[in-house]
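Asks: The file below is target-v6.txt, compact mmCIF, C-alpha atoms and all ligand atoms:
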# COMPACT_ATOMS: atom_id res chain seq x y z
CA MET S 1073 76.24 13.47 123.19
CA VAL S 1074 79.82 12.71 122.17
CA GLY S 1075 80.49 9.97 119.63
CA SER S 1076 79.64 8.67 116.19
CA GLY S 1077 78.49 5.06 116.52
CA ALA S 1078 75.20 3.22 116.64
CA ARG S 1079 75.36 3.42 120.43
CA GLU S 1080 75.42 7.22 120.26
CA HIS S 1081 72.63 7.22 117.67
CA ALA S 1082 70.53 5.08 120.03
CA LEU S 1083 71.36 7.34 122.97
CA ALA S 1084 70.43 10.42 120.97
CA VAL S 1085 67.09 8.89 119.98
CA ALA S 1086 66.35 7.87 123.58
CA LEU S 1087 67.34 11.25 125.05
CA ALA S 1088 65.40 13.16 122.40
CA HIS S 1089 62.14 11.92 123.94
CA THR S 1090 62.58 14.43 126.76
CA ALA S 1091 65.54 16.68 125.84
CA SER S 1092 67.05 18.68 123.01
CA VAL S 1093 70.08 16.72 121.88
CA VAL S 1094 73.26 17.84 120.15
CA VAL S 1095 75.62 15.11 118.88
CA THR S 1096 79.26 15.60 118.03
CA PRO S 1097 80.49 14.41 115.60
CA GLY S 1098 77.49 12.12 115.00
CA ASN S 1099 76.79 10.26 111.76
CA PRO S 1100 74.27 10.27 108.88
CA GLY S 1101 71.74 8.62 111.21
CA THR S 1102 71.93 11.25 113.95
CA SER S 1103 71.71 14.06 111.41
CA GLY S 1104 68.45 12.57 110.16
CA THR S 1105 66.86 12.21 113.62
CA ALA S 1106 64.06 14.55 114.73
CA GLY S 1107 64.96 16.57 117.83
CA VAL S 1108 68.68 15.91 117.34
CA ASP S 1109 71.27 18.37 116.01
CA THR S 1110 74.54 17.06 114.67
CA THR S 1111 77.58 19.31 114.82
CA THR S 1112 81.27 19.03 114.03
CA ALA S 1113 82.13 21.46 116.86
CA PRO S 1114 84.33 19.79 119.49
CA ALA S 1115 82.56 18.89 122.74
CA LEU S 1116 84.40 21.61 124.67
CA GLU S 1117 82.80 24.23 122.43
CA VAL S 1118 79.24 22.97 122.81
CA ASP S 1119 76.91 24.56 125.36
CA ALA S 1120 74.77 21.95 127.12
CA ASP S 1121 73.31 21.14 130.54
CA LEU S 1122 74.59 17.58 130.39
CA PHE S 1123 77.39 15.90 128.46
CA VAL S 1124 77.13 12.18 127.73
CA VAL S 1125 80.36 10.66 126.47
CA GLY S 1126 79.75 7.56 124.35
CA PRO S 1127 83.11 5.92 123.60
CA GLU S 1128 85.87 4.90 125.99
CA ALA S 1129 88.83 6.59 124.30
CA PRO S 1130 87.90 10.21 125.12
CA LEU S 1131 87.10 9.17 128.71
CA VAL S 1132 90.49 7.48 129.08
CA ASP S 1133 92.03 10.66 127.62
CA GLY S 1134 90.34 12.87 130.24
CA LEU S 1135 87.52 14.57 128.32
CA ALA S 1136 85.18 14.31 131.32
CA ASP S 1137 87.81 15.99 133.52
CA GLU S 1138 88.17 18.85 131.06
CA LEU S 1139 84.42 19.33 130.90
CA ARG S 1140 84.03 19.20 134.69
CA ALA S 1141 86.85 21.73 135.07
CA ARG S 1142 84.61 24.07 133.07
CA GLY S 1143 81.70 23.45 135.43
CA ARG S 1144 79.84 21.01 133.19
CA ALA S 1145 77.71 18.05 134.31
CA VAL S 1146 79.03 14.88 132.70
CA LEU S 1147 77.82 11.29 132.49
CA GLY S 1148 81.19 9.59 132.17
CA PRO S 1149 84.07 9.01 134.59
CA GLY S 1150 87.27 11.04 134.72
CA ALA S 1151 90.54 9.55 133.50
CA ASP S 1152 91.09 8.03 136.95
CA GLY S 1153 87.91 5.93 136.84
CA ALA S 1154 88.23 5.24 133.11
CA ARG S 1155 91.38 3.21 133.85
CA LEU S 1156 88.95 0.40 134.71
CA GLU S 1157 88.64 -0.02 130.95
CA GLY S 1158 91.92 1.56 129.87
CA SER S 1159 94.04 -0.96 131.76
CA LYS S 1160 92.93 -4.53 132.30
CA ALA S 1161 95.69 -4.99 134.89
CA PHE S 1162 94.30 -2.02 136.88
CA MET S 1163 90.78 -3.42 136.58
CA LYS S 1164 91.85 -6.86 137.82
CA GLU S 1165 93.87 -5.36 140.67
CA LEU S 1166 90.97 -3.15 141.80
CA ALA S 1167 88.45 -6.00 141.51
CA THR S 1168 90.71 -8.25 143.55
CA ALA S 1169 91.14 -5.55 146.23
CA ALA S 1170 87.34 -5.11 146.33
CA GLY S 1171 86.80 -8.84 146.84
CA VAL S 1172 84.91 -9.16 143.56
CA PRO S 1173 84.69 -12.69 142.09
CA THR S 1174 86.71 -12.75 138.87
CA ALA S 1175 88.95 -15.14 136.90
CA ALA S 1176 92.41 -15.93 138.32
CA TRP S 1177 94.92 -13.72 136.55
CA ALA S 1178 98.41 -12.29 136.28
CA SER S 1179 99.95 -9.57 134.13
CA PHE S 1180 103.20 -9.75 132.18
CA GLU S 1181 105.58 -7.60 130.18
CA ARG S 1182 108.00 -10.43 129.35
CA VAL S 1183 107.37 -13.41 127.11
CA ASP S 1184 109.26 -16.00 129.19
CA ALA S 1185 107.32 -15.26 132.38
CA ALA S 1186 104.01 -15.20 130.47
CA VAL S 1187 104.69 -18.56 128.83
CA ALA S 1188 105.65 -20.09 132.17
CA TYR S 1189 102.28 -18.96 133.59
CA LEU S 1190 100.42 -20.35 130.56
CA ARG S 1191 102.13 -23.72 131.10
CA ASP S 1192 100.65 -23.89 134.61
CA LEU S 1193 97.08 -23.24 133.41
CA PRO S 1194 94.83 -26.15 132.49
CA GLY S 1195 93.50 -24.25 129.45
CA PRO S 1196 91.61 -22.90 127.59
CA TYR S 1197 93.78 -19.80 127.69
CA VAL S 1198 92.74 -16.17 127.76
CA VAL S 1199 95.28 -13.57 126.61
CA LYS S 1200 94.34 -9.86 126.75
CA THR S 1201 96.09 -6.66 125.77
CA ASP S 1202 96.36 -4.46 128.84
CA GLY S 1203 95.34 -1.33 126.92
CA LEU S 1204 92.43 -0.40 124.67
CA ALA S 1205 91.91 -2.53 121.56
CA ALA S 1206 88.31 -1.82 120.45
CA GLY S 1207 87.07 -5.15 121.80
CA LYS S 1208 89.53 -7.09 119.66
CA GLY S 1209 92.44 -7.51 122.07
CA VAL S 1210 91.20 -10.74 123.69
CA LEU S 1211 92.12 -14.23 122.52
CA VAL S 1212 90.32 -17.20 124.06
CA THR S 1213 91.78 -20.44 122.77
CA ALA S 1214 92.23 -24.09 123.69
CA ASP S 1215 95.45 -24.22 121.66
CA PHE S 1216 98.57 -23.65 123.80
CA ASP S 1217 100.79 -22.81 120.81
CA GLU S 1218 98.28 -20.25 119.57
CA ALA S 1219 98.23 -18.66 123.03
CA VAL S 1220 102.03 -18.43 123.05
CA ALA S 1221 102.12 -16.93 119.55
CA ASP S 1222 99.48 -14.41 120.63
CA VAL S 1223 101.51 -13.41 123.71
CA GLU S 1224 104.55 -12.89 121.48
CA SER S 1225 102.75 -10.76 118.92
CA LYS S 1226 101.06 -8.64 121.60
CA LEU S 1227 104.16 -8.06 123.75
CA SER S 1228 106.33 -7.22 120.72
CA GLY S 1229 103.93 -4.40 119.85
CA ALA S 1230 103.25 -6.00 116.46
CA ALA S 1231 99.58 -6.75 117.09
CA PHE S 1232 98.28 -3.74 119.06
CA GLY S 1233 101.18 -1.31 119.41
CA ASP S 1234 101.77 0.00 122.91
CA ALA S 1235 98.36 -1.23 124.12
CA GLY S 1236 99.74 -4.78 123.92
CA ARG S 1237 103.14 -4.28 125.56
CA ARG S 1238 101.61 -5.61 128.74
CA VAL S 1239 99.24 -8.60 128.67
CA VAL S 1240 96.83 -10.03 131.21
CA ILE S 1241 96.52 -13.81 131.16
CA GLU S 1242 93.49 -15.35 132.79
CA GLU S 1243 91.90 -18.61 133.67
CA ALA S 1244 88.98 -19.27 131.28
CA LEU S 1245 85.53 -19.00 132.80
CA GLU S 1246 82.63 -21.23 131.80
CA GLY S 1247 79.04 -20.12 131.54
CA VAL S 1248 76.68 -17.75 129.85
CA GLU S 1249 77.65 -14.11 129.36
CA LEU S 1250 75.64 -11.20 130.63
CA SER S 1251 76.08 -7.45 130.32
CA LEU S 1252 74.76 -5.41 133.21
CA LEU S 1253 75.07 -1.64 132.96
CA ALA S 1254 74.78 0.59 136.00
CA LEU S 1255 74.41 4.36 136.20
CA CYS S 1256 76.62 5.59 139.04
CA ASP S 1257 76.60 8.95 140.82
CA GLY S 1258 79.82 8.46 142.78
CA GLU S 1259 78.05 6.77 145.70
CA ARG S 1260 74.85 5.16 144.52
CA LEU S 1261 73.98 3.16 141.46
CA VAL S 1262 70.91 1.96 139.57
CA VAL S 1263 71.00 -0.81 136.98
CA LEU S 1264 69.59 -0.75 133.46
CA PRO S 1265 67.80 -3.81 132.04
CA PRO S 1266 70.24 -6.73 131.54
CA ALA S 1267 71.43 -7.62 128.05
CA GLN S 1268 73.41 -10.34 126.33
CA ASP S 1269 75.95 -9.55 123.64
CA HIS S 1270 77.18 -11.91 120.91
CA LYS S 1271 80.89 -11.18 120.57
CA ARG S 1272 82.00 -13.76 118.05
CA LEU S 1273 81.76 -12.93 114.35
CA THR S 1274 79.74 -15.89 113.08
CA ASP S 1275 76.75 -18.06 114.00
CA GLY S 1276 77.17 -20.52 116.82
CA ASP S 1277 79.90 -18.39 118.44
CA PHE S 1278 82.60 -19.18 115.92
CA GLY S 1279 85.28 -16.91 114.51
CA PRO S 1280 87.17 -14.03 116.08
CA ASN S 1281 85.95 -11.75 118.83
CA THR S 1282 84.45 -8.51 117.58
CA GLY S 1283 83.15 -5.35 119.21
CA GLY S 1284 79.77 -7.15 119.31
CA MET S 1285 77.53 -8.56 116.55
CA GLY S 1286 74.16 -8.26 118.23
CA ALA S 1287 72.41 -8.19 121.59
CA PHE S 1288 69.09 -8.78 123.23
CA SER S 1289 67.21 -7.76 126.37
CA PRO S 1290 65.78 -9.06 128.66
CA VAL S 1291 67.97 -12.13 129.25
CA PRO S 1292 66.03 -15.17 130.44
CA GLY S 1293 68.78 -16.29 132.89
CA ALA S 1294 69.18 -12.83 134.41
CA THR S 1295 66.57 -13.14 137.12
CA ASP S 1296 66.09 -10.50 139.81
CA ALA S 1297 68.13 -12.74 142.13
CA VAL S 1298 71.04 -12.87 139.67
CA VAL S 1299 70.93 -9.11 139.10
CA GLY S 1300 70.76 -8.55 142.87
CA ALA S 1301 73.84 -10.74 143.39
CA VAL S 1302 75.76 -8.81 140.73
CA VAL S 1303 74.84 -5.51 142.38
CA ASP S 1304 75.73 -6.69 145.90
CA GLU S 1305 78.84 -8.76 145.18
CA ILE S 1306 80.33 -6.98 142.18
CA LEU S 1307 79.06 -3.49 141.36
CA GLN S 1308 78.62 -2.01 144.86
CA PRO S 1309 81.98 -3.28 146.18
CA THR S 1310 83.66 -1.86 143.07
CA LEU S 1311 82.06 1.56 143.51
CA ALA S 1312 83.05 1.52 147.19
CA GLU S 1313 86.65 0.58 146.33
CA LEU S 1314 86.77 3.40 143.76
CA ARG S 1315 85.55 5.82 146.42
CA ARG S 1316 88.15 4.53 148.90
CA ARG S 1317 90.77 5.45 146.32
CA GLY S 1318 89.35 8.94 145.96
CA ILE S 1319 87.72 8.26 142.60
CA ASP S 1320 84.32 9.97 142.24
CA TYR S 1321 82.83 7.68 139.60
CA ARG S 1322 79.91 9.34 137.81
CA GLY S 1323 78.95 7.53 134.67
CA VAL S 1324 78.10 4.13 133.31
CA LEU S 1325 79.79 1.15 134.91
CA TYR S 1326 79.27 -1.77 132.55
CA ALA S 1327 79.98 -5.18 134.01
CA GLY S 1328 80.72 -7.97 131.54
CA LEU S 1329 79.84 -11.11 133.48
CA MET S 1330 79.98 -14.86 133.19
CA LEU S 1331 77.10 -16.70 134.84
CA GLY S 1332 78.56 -20.04 135.85
CA ALA S 1333 77.88 -22.86 138.28
CA ASP S 1334 79.29 -20.92 141.25
CA GLY S 1335 77.49 -17.64 140.61
CA PRO S 1336 78.27 -14.56 138.53
CA LYS S 1337 81.89 -13.63 137.94
CA LEU S 1338 83.29 -10.41 136.53
CA VAL S 1339 84.93 -10.74 133.11
CA GLU S 1340 85.56 -7.08 132.42
CA TYR S 1341 84.51 -3.54 133.13
CA ASN S 1342 83.71 -0.94 130.53
CA VAL S 1343 83.26 2.67 131.53
CA ARG S 1344 80.50 3.55 129.05
CA PHE S 1345 77.40 2.09 127.46
CA GLY S 1346 77.89 -1.15 125.57
CA ASP S 1347 77.74 -1.19 121.81
CA PRO S 1348 75.49 -2.99 120.73
CA GLU S 1349 73.93 -3.45 124.22
CA ALA S 1350 72.74 0.17 124.24
CA GLN S 1351 70.80 -0.48 121.04
CA ALA S 1352 68.87 -3.27 122.82
CA VAL S 1353 68.58 -1.77 126.31
CA LEU S 1354 67.67 1.87 125.65
CA PRO S 1355 64.66 1.26 123.36
CA ARG S 1356 63.07 -0.74 126.19
CA CYS S 1357 63.44 1.98 128.82
CA THR S 1358 60.41 4.11 129.54
CA GLY S 1359 60.56 7.31 131.53
CA ASP S 1360 62.84 10.29 131.41
CA LEU S 1361 66.36 9.04 130.69
CA ALA S 1362 67.76 12.54 130.29
CA GLU S 1363 66.68 13.41 133.85
CA LEU S 1364 68.09 10.11 135.15
CA PHE S 1365 71.45 10.68 133.46
CA LEU S 1366 71.56 14.24 134.81
CA ALA S 1367 70.83 12.95 138.32
CA ALA S 1368 73.78 10.54 138.04
CA ALA S 1369 76.05 13.30 136.75
CA GLU S 1370 74.99 15.63 139.60
CA GLY S 1371 75.39 13.02 142.36
CA ARG S 1372 71.70 12.75 143.23
CA LEU S 1373 70.49 9.35 141.98
CA GLY S 1374 67.42 7.89 143.66
CA ASP S 1375 66.81 4.21 144.35
CA ASP S 1376 64.77 3.28 141.32
CA SER S 1377 66.09 1.64 138.19
CA PRO S 1378 64.43 2.89 135.03
CA ALA S 1379 61.27 1.03 134.09
CA ALA S 1380 61.46 -1.16 131.00
CA GLU S 1381 58.85 -2.80 128.83
CA GLY S 1382 58.73 -5.56 126.22
CA ALA S 1383 61.85 -6.94 124.64
CA ALA S 1384 64.44 -5.81 122.12
CA VAL S 1385 66.79 -7.63 119.77
CA CYS S 1386 69.46 -5.88 117.76
CA VAL S 1387 71.52 -7.23 114.88
CA VAL S 1388 74.77 -5.62 113.73
CA LEU S 1389 75.44 -5.39 110.00
CA ALA S 1390 79.19 -5.38 109.45
CA ALA S 1391 81.41 -4.54 106.50
CA PRO S 1392 83.14 -7.23 104.47
CA GLY S 1393 86.50 -8.04 106.06
CA TYR S 1394 85.37 -6.98 109.57
CA PRO S 1395 86.93 -7.23 112.13
CA ALA S 1396 90.44 -7.73 110.74
CA ALA S 1397 90.32 -5.38 107.72
CA PRO S 1398 86.92 -3.85 106.91
CA VAL S 1399 86.40 -2.90 103.30
CA THR S 1400 84.62 0.44 102.97
CA GLY S 1401 82.99 2.33 100.11
CA GLY S 1402 80.09 0.02 99.17
CA VAL S 1403 76.65 1.55 98.64
CA VAL S 1404 74.10 0.79 101.37
CA ASP S 1405 70.50 0.22 100.26
CA GLY S 1406 67.24 -0.27 102.06
CA VAL S 1407 67.72 1.54 105.37
CA ASP S 1408 64.46 3.46 104.94
CA ARG S 1409 62.62 0.30 103.91
CA ALA S 1410 63.86 -1.47 107.06
CA GLY S 1411 62.67 1.42 109.20
CA THR S 1412 59.10 0.94 108.00
CA VAL S 1413 58.81 -2.45 109.76
CA GLU S 1414 56.74 -2.09 112.92
CA GLY S 1415 58.98 -1.77 115.97
CA VAL S 1416 62.19 -1.47 113.95
CA THR S 1417 64.78 1.29 114.21
CA VAL S 1418 68.00 1.33 112.21
CA TYR S 1419 70.92 2.94 114.01
CA HIS S 1420 73.89 4.16 111.98
CA ALA S 1421 77.54 3.56 112.83
CA GLY S 1422 80.09 3.23 110.02
CA THR S 1423 78.14 5.04 107.32
CA SER S 1424 78.83 8.19 105.36
CA ARG S 1425 76.84 10.18 102.86
CA GLY S 1426 78.81 11.36 99.86
CA ARG S 1427 78.21 14.35 97.62
CA ASP S 1428 76.08 12.14 95.38
CA GLY S 1429 73.72 11.59 98.32
CA ALA S 1430 74.37 7.84 98.42
CA LEU S 1431 74.83 6.16 101.79
CA ARG S 1432 78.10 4.23 101.88
CA VAL S 1433 79.98 1.83 104.12
CA ALA S 1434 82.53 3.84 106.09
CA GLY S 1435 83.54 1.58 108.97
CA GLY S 1436 83.59 -1.95 110.38
CA ARG S 1437 80.22 -2.07 112.08
CA VAL S 1438 77.95 -0.28 109.63
CA LEU S 1439 74.41 -0.37 111.04
CA THR S 1440 72.48 -1.87 113.95
CA VAL S 1441 68.92 -2.99 113.27
CA THR S 1442 66.83 -3.10 116.45
CA GLY S 1443 63.42 -4.69 116.74
CA VAL S 1444 61.26 -4.15 119.79
CA GLY S 1445 58.20 -6.26 120.56
CA ALA S 1446 56.13 -7.76 123.30
CA ASP S 1447 58.63 -10.58 123.84
CA LEU S 1448 61.98 -11.75 122.47
CA ARG S 1449 60.34 -13.85 119.77
CA GLU S 1450 58.43 -10.91 118.33
CA ALA S 1451 61.37 -8.53 118.73
CA ARG S 1452 63.62 -11.01 116.93
CA GLU S 1453 61.21 -11.53 114.04
CA ARG S 1454 60.92 -7.79 113.54
CA ALA S 1455 64.67 -7.21 113.73
CA TYR S 1456 65.38 -9.86 111.09
CA ASP S 1457 62.54 -8.58 108.92
CA GLY S 1458 64.38 -5.25 109.01
CA VAL S 1459 67.77 -6.86 108.32
CA GLY S 1460 66.33 -8.59 105.26
CA ARG S 1461 65.53 -5.22 103.69
CA VAL S 1462 69.06 -3.81 103.92
CA ARG S 1463 71.84 -4.72 101.57
CA PHE S 1464 75.40 -3.84 100.69
CA ASP S 1465 78.14 -5.90 99.07
CA GLY S 1466 79.74 -8.36 101.46
CA MET S 1467 77.33 -7.55 104.31
CA GLN S 1468 78.10 -9.75 107.34
CA PHE S 1469 75.64 -10.48 110.14
CA ARG S 1470 74.70 -13.29 112.46
CA THR S 1471 71.42 -15.10 111.97
CA ASP S 1472 71.29 -16.46 115.53
CA ILE S 1473 71.03 -13.35 117.69
CA ALA S 1474 68.60 -14.20 120.52
CA ALA S 1475 67.91 -17.56 118.91
CA PRO S 1476 65.86 -19.76 121.24
CA ALA S 1477 68.15 -21.69 123.60
CA ARG S 1478 68.79 -25.25 122.52
CA PRO S 1479 71.23 -27.87 123.82
CA GLY S 1480 74.61 -27.06 122.34
CA GLY S 1481 73.12 -23.93 120.82
CA ALA S 1482 74.65 -20.50 120.71
CA ARG S 1483 73.51 -19.36 124.11
CA ALA S 1484 74.64 -22.52 125.81
CA ARG S 1485 78.14 -22.30 124.46
CA THR S 1486 79.83 -19.02 125.21
CA GLY S 1487 83.17 -18.37 126.87
CA ALA S 1488 85.52 -21.26 127.50
CA ALA S 1489 83.19 -23.92 126.10
CA ALA S 1490 83.05 -22.09 122.79
CA ALA S 1491 86.82 -21.88 122.68
CA ARG S 1492 87.21 -25.57 123.30
CA SER S 1493 84.82 -26.73 120.62
CA ALA S 1494 85.22 -24.04 118.03
CA GLY S 1495 88.94 -23.63 117.46
CA ALA S 1496 88.20 -20.11 118.58
CA GLY S 1497 90.28 -17.24 117.40
CA ALA S 1498 90.56 -18.60 113.88
CA PRO S 1499 89.98 -15.90 111.28
P1 LIG I 1501 86.75 -8.59 127.40
O1 LIG I 1501 87.15 -7.54 126.40
O2 LIG I 1501 87.65 -8.70 128.56
O3 LIG I 1501 85.30 -8.55 127.72
O4 LIG I 1501 86.80 -9.97 126.61
C1 LIG I 1501 86.09 -10.14 125.41
C2 LIG I 1501 85.38 -11.46 125.41
O5 LIG I 1501 86.33 -12.52 125.59
C3 LIG I 1501 84.41 -11.66 126.56
O6 LIG I 1501 83.17 -11.10 126.28
C4 LIG I 1501 84.35 -13.16 126.64
O7 LIG I 1501 83.55 -13.69 125.60
C5 LIG I 1501 85.76 -13.55 126.37
N1 LIG I 1501 86.50 -13.67 127.63
C6 LIG I 1501 87.23 -12.70 128.24
N2 LIG I 1501 87.77 -13.15 129.39
C7 LIG I 1501 87.36 -14.42 129.53
C8 LIG I 1501 87.59 -15.43 130.52
N3 LIG I 1501 88.36 -15.21 131.59
N4 LIG I 1501 87.01 -16.64 130.32
C9 LIG I 1501 86.25 -16.88 129.22
N5 LIG I 1501 86.00 -15.98 128.26
C10 LIG I 1501 86.55 -14.76 128.40
N1 LIG I 1502 79.55 -4.98 123.35
C1 LIG I 1502 80.79 -4.92 124.00
C2 LIG I 1502 81.25 -3.59 124.32
O1 LIG I 1502 80.56 -2.59 124.16
O2 LIG I 1502 82.36 -3.49 124.79
Represent the structure of the file as structure tokens.
Replies:
Amino acid sequence: MVGSGAREHALAVALAHTASVVVTPGNPGTSGTAGVDTTTAPALEVDADLFVVGPEAPLVDGLADELRARGRAVLGPGADGARLEGSKAFMKELATAAGVPTAAWASFERVDAAVAYLRDLPGPYVVKTDGLAAGKGVLVTADFDEAVADVESKLSGAAFGDAGRRVVIEEALEGVELSLLALCDGERLVVLPPAQDHKRLTDGDFGPNTGGMGAFSPVPGATDAVVGAVVDEILQPTLAELRRRGIDYRGVLYAGLMLGADGPKLVEYNVRFGDPEAQAVLPRCTGDLAELFLAAAEGRLGDDSPAAEGAAVCVVLAAPGYPAAPVTGGVVDGVDRAGTVEGVTVYHAGTSRGRDGALRVAGGRVLTVTGVGADLREARERAYDGVGRVRFDGMQFRTDIAAPARPGGARARTGAAAARSAGAGAP
């Protein structure tokens, strides 16, 4: 298991049910997990039957290729397939070639052409860095001047360095967001239980986009019919188009979707498990995930999606100043107390343990508290019971993760509608 976030901690816990797990570099949570070893040895020096690569950056940089060149089984695409996440322009071009429904778009390297395109859009406006930006490179705004300023700061390199020197501008989609993760073996795929992420920093979908502030699974709107349509119209055509281009995609294909009036549309692809989606999806899965992941890596997936039970809700606890400028160093209390709540697991991300033994804030997203239960209501109660037992100075979290849908409520107002009513993108 390669990585150091809460997603990797959740993967390690899930895989440890049926496998011996080694995590590199891991975090204080993985090193305290039974059946899990944490090592600082680089992945290439670890001996394992299966390598699961958590984050996108090493995939984009070709870690899976290096491992495969040494004869290793890997859950994670090579650099060719990882471009789906590494370049939004590539993703949009491939999706368009595959006939996948997605927002109208164009890509630009020059400000004047980008502004001319913005002028022709009705708004709200969506401006994305082409390259990787840790989930923070997307502005959705109803304010034309803000969109122009964002284009300028991205293309100049000021905002995101080289990742922003090309931008993708899109039409804004309306609807409810859904994350559907598929395990692919190059030819076949099986889907994991659907999840919904909450990307904005604060309650009601206000504030800047983040890497994700919480998630839940199952998603009431994600019926079998909706999931079937996503598989048939979006995921399968994408995998086929990858194959046509000679790309043997073995790994997680994560579709970020907008469920609108005219059916599901693709917002983005990620080439790995979602964070925090993994922390809501994996605890629900029953059965042997290690064997399933190995089957995907070895090109021998069957037809059956993993069975899932109950419901899960996870809440991210973020550092003060996140996402713009997280302040680290604060002492974290109560993680063990939270873990004593029935159904609750606390996954570590940006934590470190100093010589004094104290757990401290060491990154933007610090912990994810997951509650599982019979249904979303019970899972949510348990998760927030856990959250209430953790504290550190300036702790930020949303109180409306998986809140029951209400007119004008958080779940009814994602995407373009949120931008229009929220002055989205404001710090
Ligand atoms: P991405 O990194 O492409 O997933 O974008 C991050 C977030 O921005 C998404 O989860 C959506 O909330 C929002 N977003 C991205 N593209 C669009 C779009 N075309 N229309 C509306 N919202 C979008
Ligand atoms: N939760 C969004 C992501 O993993 O990209």
Asks: Using only C-alpha atoms, can you tell me which of S:Val1172, S:Ala1244, S:Leu1083, S:Ala1474 comes closest to Ile1306 (chain S)?
Replies: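 With only C-alpha atoms as the atom set, the closest residue is S:Val1172.
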Asks: Residues within 10 Å of Asp1133 (chain S), please, as a compact mmCIF listing (two decimals) with C-alpha atoms, in the coordinates of the input. Count all atoms listed in the file; anything in the same chain fewer than 4 positions from it doesn't count.
Replies:
# COMPACT_ATOMS: atom_id res chain seq x y z
CA GLU S 1128 85.87 4.90 125.99
CA ALA S 1129 88.83 6.59 124.30
CA ASP S 1137 87.81 15.99 133.52
CA GLU S 1138 88.17 18.85 131.06
CA GLY S 1150 87.27 11.04 134.72
CA ALA S 1151 90.54 9.55 133.50
CA ASP S 1152 91.09 8.03 136.95
CA ALA S 1154 88.23 5.24 133.11
CA ARG S 1155 91.38 3.21 133.85
CA GLY S 1158 91.92 1.56 129.87
Asks: Which chains and residue numbers are within 6 Å of ligand LIG 1502 (chain I), counting all atoms listed in the file, if I want them as a list in words?
Replies: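 Here is the list of contacting residues: Gly1207, Asp1269, Gly1283, Gly1284, Gly1346, Asp1347, Pro1348 and Glu1349 of chain S.
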Asks: What's the 10 Å shell around region 1199-1205 of chain S, counting only C-alpha atoms, without same-chain residues fewer than 3 positions away, as a CSV table (one decimal) with C-alpha atoms, keeping the file's coordinate frame?
Replies:
chain,number,residue,atom,x,y,z
S,1128,GLU,CA,85.9,4.9,126.0
S,1129,ALA,CA,88.8,6.6,124.3
S,1132,VAL,CA,90.5,7.5,129.1
S,1155,ARG,CA,91.4,3.2,133.8
S,1157,GLU,CA,88.6,0.0,131.0
S,1158,GLY,CA,91.9,1.6,129.9
S,1159,SER,CA,94.0,-1.0,131.8
S,1160,LYS,CA,92.9,-4.5,132.3
S,1161,ALA,CA,95.7,-5.0,134.9
S,1162,PHE,CA,94.3,-2.0,136.9
S,1163,MET,CA,90.8,-3.4,136.6
S,1177,TRP,CA,94.9,-13.7,136.6
S,1179,SER,CA,100.0,-9.6,134.1
S,1180,PHE,CA,103.2,-9.8,132.2
S,1181,GLU,CA,105.6,-7.6,130.2
S,1186,ALA,CA,104.0,-15.2,130.5
S,1190,LEU,CA,100.4,-20.4,130.6
S,1208,LYS,CA,89.5,-7.1,119.7
S,1209,GLY,CA,92.4,-7.5,122.1
S,1210,VAL,CA,91.2,-10.7,123.7
S,1211,LEU,CA,92.1,-14.2,122.5
S,1212,VAL,CA,90.3,-17.2,124.1
S,1213,THR,CA,91.8,-20.4,122.8
S,1219,ALA,CA,98.2,-18.7,123.0
S,1220,VAL,CA,102.0,-18.4,123.0
S,1222,ASP,CA,99.5,-14.4,120.6
S,1223,VAL,CA,101.5,-13.4,123.7
S,1226,LYS,CA,101.1,-8.6,121.6
S,1227,LEU,CA,104.2,-8.1,123.8
S,1231,ALA,CA,99.6,-6.8,117.1
S,1232,PHE,CA,98.3,-3.7,119.1
S,1233,GLY,CA,101.2,-1.3,119.4
S,1234,ASP,CA,101.8,0.0,122.9
S,1235,ALA,CA,98.4,-1.2,124.1
S,1236,GLY,CA,99.7,-4.8,123.9
S,1237,ARG,CA,103.1,-4.3,125.6
S,1238,ARG,CA,101.6,-5.6,128.7
S,1239,VAL,CA,99.2,-8.6,128.7
S,1240,VAL,CA,96.8,-10.0,131.2
S,1241,ILE,CA,96.5,-13.8,131.2
S,1242,GLU,CA,93.5,-15.4,132.8
S,1243,GLU,CA,91.9,-18.6,133.7
S,1244,ALA,CA,89.0,-19.3,131.3
S,1283,GLY,CA,83.2,-5.4,119.2
Asks: Would you list the residues near (68.5, -3.6, 130.1), meaning any protein, DNA or RNA residue with an atom at most 7 Å from that point in file coordinates, counting all atoms listed in the file, as a list in words?
Replies: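 Protein and nucleic acid residues near the point are Leu1264, Pro1265, Pro1266, Ala1267, Ser1289, Pro1290 and Val1353 of chain S.
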Asks: Let me know the centre plus edge lengths, in Å and rounded to one decimal, of a box with edges along x, y and z that contains all listed atoms of ligand LIG 1501 (chain I) and is padded by 4 Å on every side, as AutoDock Vina command-line options.
Replies:
--center_x 85.8 --center_y -12.2 --center_z 128.5 --size_x 13.2 --size_y 17.3 --size_z 14.2
Asks: For the atom pair CA of Phe1278 (chain S) and CA of Ala1333 (chain S), what is the interatomic distance in Å to one decimal place?
Replies: 23.1 Å
Asks: Do you know which residues are at most 6 Å from Cys1357 (chain S) counting only C-alpha atoms, after dropping those on the same chain fewer than 3 positions away, and could you put them as a list in words?
Replies: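 Result of the neighbour search: Leu1354, Ala1379 and Ala1380 of chain S.
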Asks: Find the spatial neighbours of region 1107-1116 of chain S, counting only C-alpha atoms, within a cut-off of 9 Å - ignore same-chain residues fewer than 6 positions away - and output them as a PyMOL selection string.
Replies: chain S and resi 1073-1074+1084-1085+1088-1089+1091-1100+1123+1135+1138-1139+1142
Asks: Could you check how far CA of Ala1078 (chain S) sits from CA of Asp1376 (chain S), in Å to one decimal?
Replies: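 Separation between CA of Ala1078 (chain S) and CA of Asp1376 (chain S): 26.8 Å.
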